Amino acid sequence: MKSFTATALAALLAQQAAAHSTFQQLWVDGTDFGSQCARLPQSNSPITNYNSNDMRCNIIGTRPQVKCPVRAGGTVTVEMHAQNGDRSCSQEAIGGAHHGPVSVYLTKVSDALTADGSTGWFKIFDDGWRKNPSGRVGDDDFWGTKDLNACCGKMNVKIPSDIPSGDYLLRAEAIALHAAGGAGGAQPYMTCYQITVSGGGSASPPTVSIPGHFKASDPGVQVNIHGAMTNYVIPGPPVYAGGSTKVAGSACSGCEATCAVGSSPTTSLTPPVSTSTPAPGNGGGGSPGGCTVQKYGQCGGQGYTGCTTCAAGSTCNTTNQWYHQCV
């Protein structure tokens with residue numbers, strides 16, 4: 001019995017680790033910008049301390065030195081996969097029955113290259129939960145993360161047309177609820193993208209602080225999805241009036257359905273000329289020029305565009321085709 005239990009536990013842990021994922025790529029009005037403006041997390045693990053500043057933009061090895069151009073009123077498409085650089089549709093974007101909502105936030109910043117996410121955030125998108133009349137428990141219902149899986153990791157997000165032009169951090173967040181029956185069991189996965197909005201207006205949406213946009217005891221954070229559900233409250237503030245929502249379980253549309261890797265060349269961005277190196281910040285990662293990756297951080301892999309130099313005392317080891325790690 002003891003041997004069986006250990007084997008079963010090891011299999012469960014392996015399944016959960018394999019199900020971990022990250023938002024990685026960004027499409028802008030159907031144009032593929034890849035991961036160029038994404039602050040890629042050091043790993044595909046969730047942030048489990050909801051009061052940590054890492055809740056803003058995750059634990060980052062390095063910041064990109066480019067910003068993706070976005071027009072107010074346009075549509076961006078965030079893209080999630082289990083391994084950095086792996087954009088295959090043959091694997092679920094977030095597997096392991098990691099069901100839960102997907103939300104997207106913006107924060108207005110003076111410079112997206114150096115911002116640490118301490119400014120106020122407003123929500124511009126939600127895809128949460130919908131009852132499946134043919135289902136028995138919450139696992140059977142429709143969820144935002146299931147929509148990501150159905151659309152090869154892609155989720156369309158409208159940029160409000162009335163927000164001011166300028167730099168923003170765009171934060172995509174998926175919250176896996178498979179272990180959320182107890183306090184602190186929900187697993188948030190998030191990535192920030194550096195964008196510059198043009199053609200905007202003068203609106204001033206109400207904001208919230210991150211961390212602080214939800215608590216461990218909120219009904220949408222501590223919830224048992226393995227029993228029958230009659231309703232669900234998406235964590236965080238309501239979506240700003242100029243934003244959008246998706247009905248969980250609805251079909252892939254627009255770029256979700258038609259944007260395929262390789263269908264058009266990835267648009268390359270040119271870093272600005274700078275004589276200074278931005279300092280690391282909470283949730284923001286390290287510096288790009290002459291940057292180093294801390295031990296156990298990502299330093300390479302197919303599709304990876306971040307820093308490749310490991311900190312003193314560690315070397316870049318090839319874990320697999322997609323992920324090289326400083327060890």
# chains A, B, ... in the order shown; residues from 1 in each chain; ligands from 1
$ residues_around --residues "Ser35 in chain A" --least-positions-apart "2" --cutoff "7 Å" --atoms "only C-alpha atoms" --output "list in words"
Gln24, Gln25, Leu26, Phe33, Cys37 and Ala38 of chain A
$ residues_around --residues "Gln36 in chain A" --least-positions-apart "5" --cutoff "12 Å" --atoms "only C-alpha atoms" --output "MDAnalysis selection string"
chainID A and resid 24:27 62:69 85 192:195 266:271 303:306
$ write_last_selection --atoms "N, CA and C atoms" --output "mmCIF file, in the first residue's frame"
data_model
loop_
_atom_site.group_PDB
_atom_site.id
_atom_site.type_symbol
_atom_site.label_atom_id
_atom_site.label_comp_id
_atom_site.auth_asym_id
_atom_site.auth_seq_id
_atom_site.Cartn_x
_atom_site.Cartn_y
_atom_site.Cartn_z
ATOM 1 N N GLN A 24 2.453 33.724 -23.225
ATOM 2 C CA GLN A 24 3.755 33.957 -23.832
ATOM 3 C C GLN A 24 3.738 34.918 -25.011
ATOM 4 N N GLN A 25 2.796 34.722 -25.924
ATOM 5 C CA GLN A 25 2.811 35.480 -27.175
ATOM 6 C C GLN A 25 1.677 36.498 -27.207
ATOM 7 N N LEU A 26 1.821 37.463 -28.150
ATOM 8 C CA LEU A 26 0.800 38.495 -28.332
ATOM 9 C C LEU A 26 0.602 38.755 -29.818
ATOM 10 N N TRP A 27 -0.658 38.732 -30.240
ATOM 11 C CA TRP A 27 -1.060 39.144 -31.583
ATOM 12 C C TRP A 27 -1.756 40.493 -31.457
ATOM 13 N N THR A 62 14.116 38.569 -17.035
ATOM 14 C CA THR A 62 14.577 39.777 -17.699
ATOM 15 C C THR A 62 13.406 40.470 -18.371
ATOM 16 N N ARG A 63 13.518 41.778 -18.526
ATOM 17 C CA ARG A 63 12.493 42.533 -19.246
ATOM 18 C C ARG A 63 12.881 42.658 -20.713
ATOM 19 N N PRO A 64 11.917 42.551 -21.606
ATOM 20 C CA PRO A 64 12.220 42.842 -23.009
ATOM 21 C C PRO A 64 12.468 44.331 -23.179
ATOM 22 N N GLN A 65 13.154 44.692 -24.218
ATOM 23 C CA GLN A 65 13.451 46.104 -24.460
ATOM 24 C C GLN A 65 12.660 46.674 -25.628
ATOM 25 N N VAL A 66 11.466 46.127 -25.843
ATOM 26 C CA VAL A 66 10.587 46.627 -26.899
ATOM 27 C C VAL A 66 9.162 46.713 -26.362
ATOM 28 N N LYS A 67 8.336 47.482 -27.075
ATOM 29 C CA LYS A 67 6.921 47.621 -26.742
ATOM 30 C C LYS A 67 6.101 47.306 -27.990
ATOM 31 N N CYS A 68 5.037 46.550 -27.828
ATOM 32 C CA CYS A 68 4.179 46.240 -28.962
ATOM 33 C C CYS A 68 3.211 47.402 -29.214
ATOM 34 N N PRO A 69 3.102 47.856 -30.465
ATOM 35 C CA PRO A 69 2.202 48.973 -30.778
ATOM 36 C C PRO A 69 0.761 48.482 -30.879
ATOM 37 N N GLY A 85 7.946 28.852 -25.863
ATOM 38 C CA GLY A 85 8.327 28.630 -27.244
ATOM 39 C C GLY A 85 7.537 27.548 -27.946
ATOM 40 N N CYS A 192 2.859 39.800 -18.020
ATOM 41 C CA CYS A 192 2.654 41.179 -18.462
ATOM 42 C C CYS A 192 3.297 41.397 -19.831
ATOM 43 N N TYR A 193 2.600 42.148 -20.671
ATOM 44 C CA TYR A 193 3.108 42.557 -21.982
ATOM 45 C C TYR A 193 3.307 44.069 -21.971
ATOM 46 N N GLN A 194 4.381 44.521 -22.587
ATOM 47 C CA GLN A 194 4.691 45.952 -22.677
ATOM 48 C C GLN A 194 4.105 46.493 -23.979
ATOM 49 N N ILE A 195 3.171 47.443 -23.870
ATOM 50 C CA ILE A 195 2.508 47.959 -25.063
ATOM 51 C C ILE A 195 2.484 49.478 -25.057
ATOM 52 N N THR A 266 6.425 36.847 -38.368
ATOM 53 C CA THR A 266 6.363 37.560 -37.101
ATOM 54 C C THR A 266 6.980 38.946 -37.273
ATOM 55 N N THR A 267 6.245 39.970 -36.856
ATOM 56 C CA THR A 267 6.739 41.344 -36.988
ATOM 57 C C THR A 267 7.831 41.611 -35.958
ATOM 58 N N SER A 268 9.000 42.036 -36.416
ATOM 59 C CA SER A 268 10.122 42.290 -35.516
ATOM 60 C C SER A 268 10.106 43.728 -35.040
ATOM 61 N N LEU A 269 10.401 43.912 -33.770
ATOM 62 C CA LEU A 269 10.456 45.233 -33.158
ATOM 63 C C LEU A 269 11.904 45.605 -32.887
ATOM 64 N N THR A 270 12.210 46.900 -32.958
ATOM 65 C CA THR A 270 13.566 47.391 -32.742
ATOM 66 C C THR A 270 13.657 48.075 -31.387
ATOM 67 N N PRO A 271 14.557 47.626 -30.508
ATOM 68 C CA PRO A 271 14.701 48.278 -29.206
ATOM 69 C C PRO A 271 15.134 49.724 -29.365
ATOM 70 N N GLY A 303 12.375 29.670 -29.391
ATOM 71 C CA GLY A 303 11.414 30.754 -29.253
ATOM 72 C C GLY A 303 11.714 31.716 -28.130
ATOM 73 N N TYR A 304 12.700 31.403 -27.281
ATOM 74 C CA TYR A 304 13.025 32.267 -26.143
ATOM 75 C C TYR A 304 13.801 33.488 -26.626
ATOM 76 N N THR A 305 13.431 34.671 -26.134
ATOM 77 C CA THR A 305 14.072 35.909 -26.584
ATOM 78 C C THR A 305 14.711 36.695 -25.445
ATOM 79 N N GLY A 306 14.750 36.109 -24.250
ATOM 80 C CA GLY A 306 15.270 36.840 -23.100
ATOM 81 C C GLY A 306 16.769 36.698 -22.918
#
$ closest_residue --among "A:Ser21, A:Met155, A:Leu148, A:Ala180" --to "His226 in chain A" --atoms "only C-alpha atoms"
A:Ala180
$ select_by_dssp --residues "range 79-150 of chain A" --states "strand (DSSP E)" --output "ChimeraX atom specification"
/A:79-81,102-109,122-127,129-130,142-143
$ write_last_selection --atoms "N, CA, C and O atoms" --output "mmCIF file, in the first residue's frame"
data_model
loop_
_atom_site.group_PDB
_atom_site.id
_atom_site.type_symbol
_atom_site.label_atom_id
_atom_site.label_comp_id
_atom_site.auth_asym_id
_atom_site.auth_seq_id
_atom_site.Cartn_x
_atom_site.Cartn_y
_atom_site.Cartn_z
ATOM 1 N N GLU A 79 -1.740 34.655 -25.859
ATOM 2 C CA GLU A 79 -1.566 33.238 -26.203
ATOM 3 C C GLU A 79 -0.821 32.516 -25.082
ATOM 4 O O GLU A 79 0.242 32.950 -24.658
ATOM 5 N N MET A 80 -1.392 31.414 -24.617
ATOM 6 C CA MET A 80 -0.844 30.643 -23.493
ATOM 7 C C MET A 80 -0.471 29.236 -23.940
ATOM 8 O O MET A 80 -1.179 28.610 -24.729
ATOM 9 N N HIS A 81 0.673 28.752 -23.422
ATOM 10 C CA HIS A 81 1.081 27.365 -23.656
ATOM 11 C C HIS A 81 1.840 26.857 -22.432
ATOM 12 O O HIS A 81 2.265 27.641 -21.581
ATOM 13 N N VAL A 102 -10.404 33.504 -16.875
ATOM 14 C CA VAL A 102 -9.324 34.250 -17.523
ATOM 15 C C VAL A 102 -9.698 35.732 -17.491
ATOM 16 O O VAL A 102 -10.820 36.099 -17.858
ATOM 17 N N SER A 103 -8.780 36.577 -17.047
ATOM 18 C CA SER A 103 -9.013 38.022 -16.981
ATOM 19 C C SER A 103 -7.806 38.763 -17.530
ATOM 20 O O SER A 103 -6.682 38.245 -17.499
ATOM 21 N N VAL A 104 -8.037 39.973 -18.018
ATOM 22 C CA VAL A 104 -6.952 40.806 -18.541
ATOM 23 C C VAL A 104 -7.087 42.207 -17.963
ATOM 24 O O VAL A 104 -8.198 42.765 -17.912
ATOM 25 N N TYR A 105 -5.960 42.768 -17.534
ATOM 26 C CA TYR A 105 -5.908 44.087 -16.906
ATOM 27 C C TYR A 105 -4.951 45.003 -17.674
ATOM 28 O O TYR A 105 -4.053 44.541 -18.386
ATOM 29 N N LEU A 106 -5.121 46.303 -17.478
ATOM 30 C CA LEU A 106 -4.184 47.316 -17.966
ATOM 31 C C LEU A 106 -3.795 48.232 -16.816
ATOM 32 O O LEU A 106 -4.589 48.485 -15.904
ATOM 33 N N THR A 107 -2.557 48.746 -16.882
ATOM 34 C CA THR A 107 -2.152 49.840 -16.011
ATOM 35 C C THR A 107 -1.401 50.863 -16.847
ATOM 36 O O THR A 107 -0.527 50.511 -17.641
ATOM 37 N N LYS A 108 -1.749 52.120 -16.692
ATOM 38 C CA LYS A 108 -1.095 53.210 -17.420
ATOM 39 C C LYS A 108 0.225 53.526 -16.744
ATOM 40 O O LYS A 108 0.291 53.708 -15.525
ATOM 41 N N VAL A 109 1.310 53.581 -17.520
ATOM 42 C CA VAL A 109 2.648 53.798 -16.970
ATOM 43 C C VAL A 109 3.382 54.845 -17.802
ATOM 44 O O VAL A 109 3.024 55.104 -18.952
ATOM 45 N N PHE A 122 -6.819 48.390 -14.065
ATOM 46 C CA PHE A 122 -8.250 48.249 -14.337
ATOM 47 C C PHE A 122 -8.453 47.061 -15.272
ATOM 48 O O PHE A 122 -7.637 46.780 -16.152
ATOM 49 N N LYS A 123 -9.557 46.368 -15.055
ATOM 50 C CA LYS A 123 -9.824 45.144 -15.810
ATOM 51 C C LYS A 123 -10.544 45.476 -17.113
ATOM 52 O O LYS A 123 -11.506 46.239 -17.127
ATOM 53 N N ILE A 124 -10.068 44.874 -18.223
ATOM 54 C CA ILE A 124 -10.678 45.138 -19.519
ATOM 55 C C ILE A 124 -11.299 43.891 -20.143
ATOM 56 O O ILE A 124 -11.908 43.974 -21.215
ATOM 57 N N PHE A 125 -11.174 42.726 -19.468
ATOM 58 C CA PHE A 125 -11.694 41.499 -20.079
ATOM 59 C C PHE A 125 -11.917 40.429 -19.024
ATOM 60 O O PHE A 125 -11.141 40.307 -18.073
ATOM 61 N N ASP A 126 -12.986 39.664 -19.205
ATOM 62 C CA ASP A 126 -13.266 38.483 -18.396
ATOM 63 C C ASP A 126 -13.824 37.373 -19.270
ATOM 64 O O ASP A 126 -14.616 37.627 -20.196
ATOM 65 N N ASP A 127 -13.441 36.142 -18.982
ATOM 66 C CA ASP A 127 -14.084 34.936 -19.505
ATOM 67 C C ASP A 127 -14.121 33.973 -18.327
ATOM 68 O O ASP A 127 -13.082 33.424 -17.942
ATOM 69 N N TRP A 129 -17.257 31.613 -16.111
ATOM 70 C CA TRP A 129 -17.926 30.324 -15.909
ATOM 71 C C TRP A 129 -19.324 30.373 -16.486
ATOM 72 O O TRP A 129 -19.989 31.410 -16.471
ATOM 73 N N ARG A 130 -19.759 29.236 -17.008
ATOM 74 C CA ARG A 130 -21.159 29.084 -17.429
ATOM 75 C C ARG A 130 -21.577 27.643 -17.177
ATOM 76 O O ARG A 130 -20.830 26.716 -17.447
ATOM 77 N N PHE A 142 -18.542 25.058 -18.322
ATOM 78 C CA PHE A 142 -17.730 25.835 -19.256
ATOM 79 C C PHE A 142 -16.892 26.848 -18.473
ATOM 80 O O PHE A 142 -17.410 27.534 -17.585
ATOM 81 N N TRP A 143 -15.609 26.956 -18.837
ATOM 82 C CA TRP A 143 -14.678 27.844 -18.128
ATOM 83 C C TRP A 143 -13.810 28.602 -19.132
ATOM 84 O O TRP A 143 -13.582 28.133 -20.254
#
$ atom_distance --atom1 "CA of Val223 in chain A" --atom2 "CA of Ile175 in chain A"
11.7 Å
$ atom_distance --atom1 "CA of Lys131 in chain A" --atom2 "CA of Val76 in chain A"
27.3 Å
$ select_by_dssp --residues "range 88-295 of chain A" --states "helix (DSSP H, G or I)" --output "PyMOL selection string"
chain A and resi 138-140+144-150+255-258
$ closest_residue --among "A:Asp111, A:Pro101, A:Gly200, A:Gly185" --to "Pro235 in chain A" --atoms "only C-alpha atoms"
A:Pro101
$ residues_around --residues "Val197 in chain A" --least-positions-apart "5" --cutoff "7 Å" --atoms "only C-alpha atoms" --output "list of chain:residue names"
A:Pro69, A:Val70, A:Arg71, A:Ala72, A:Ser165, A:Gly166, A:Asp167
$ residues_around --residues "Ser90 in chain A" --least-positions-apart "5" --cutoff "12 Å" --atoms "only C-alpha atoms" --output "VMD selection string"
chain A and resid 81 to 82 95 149 to 153
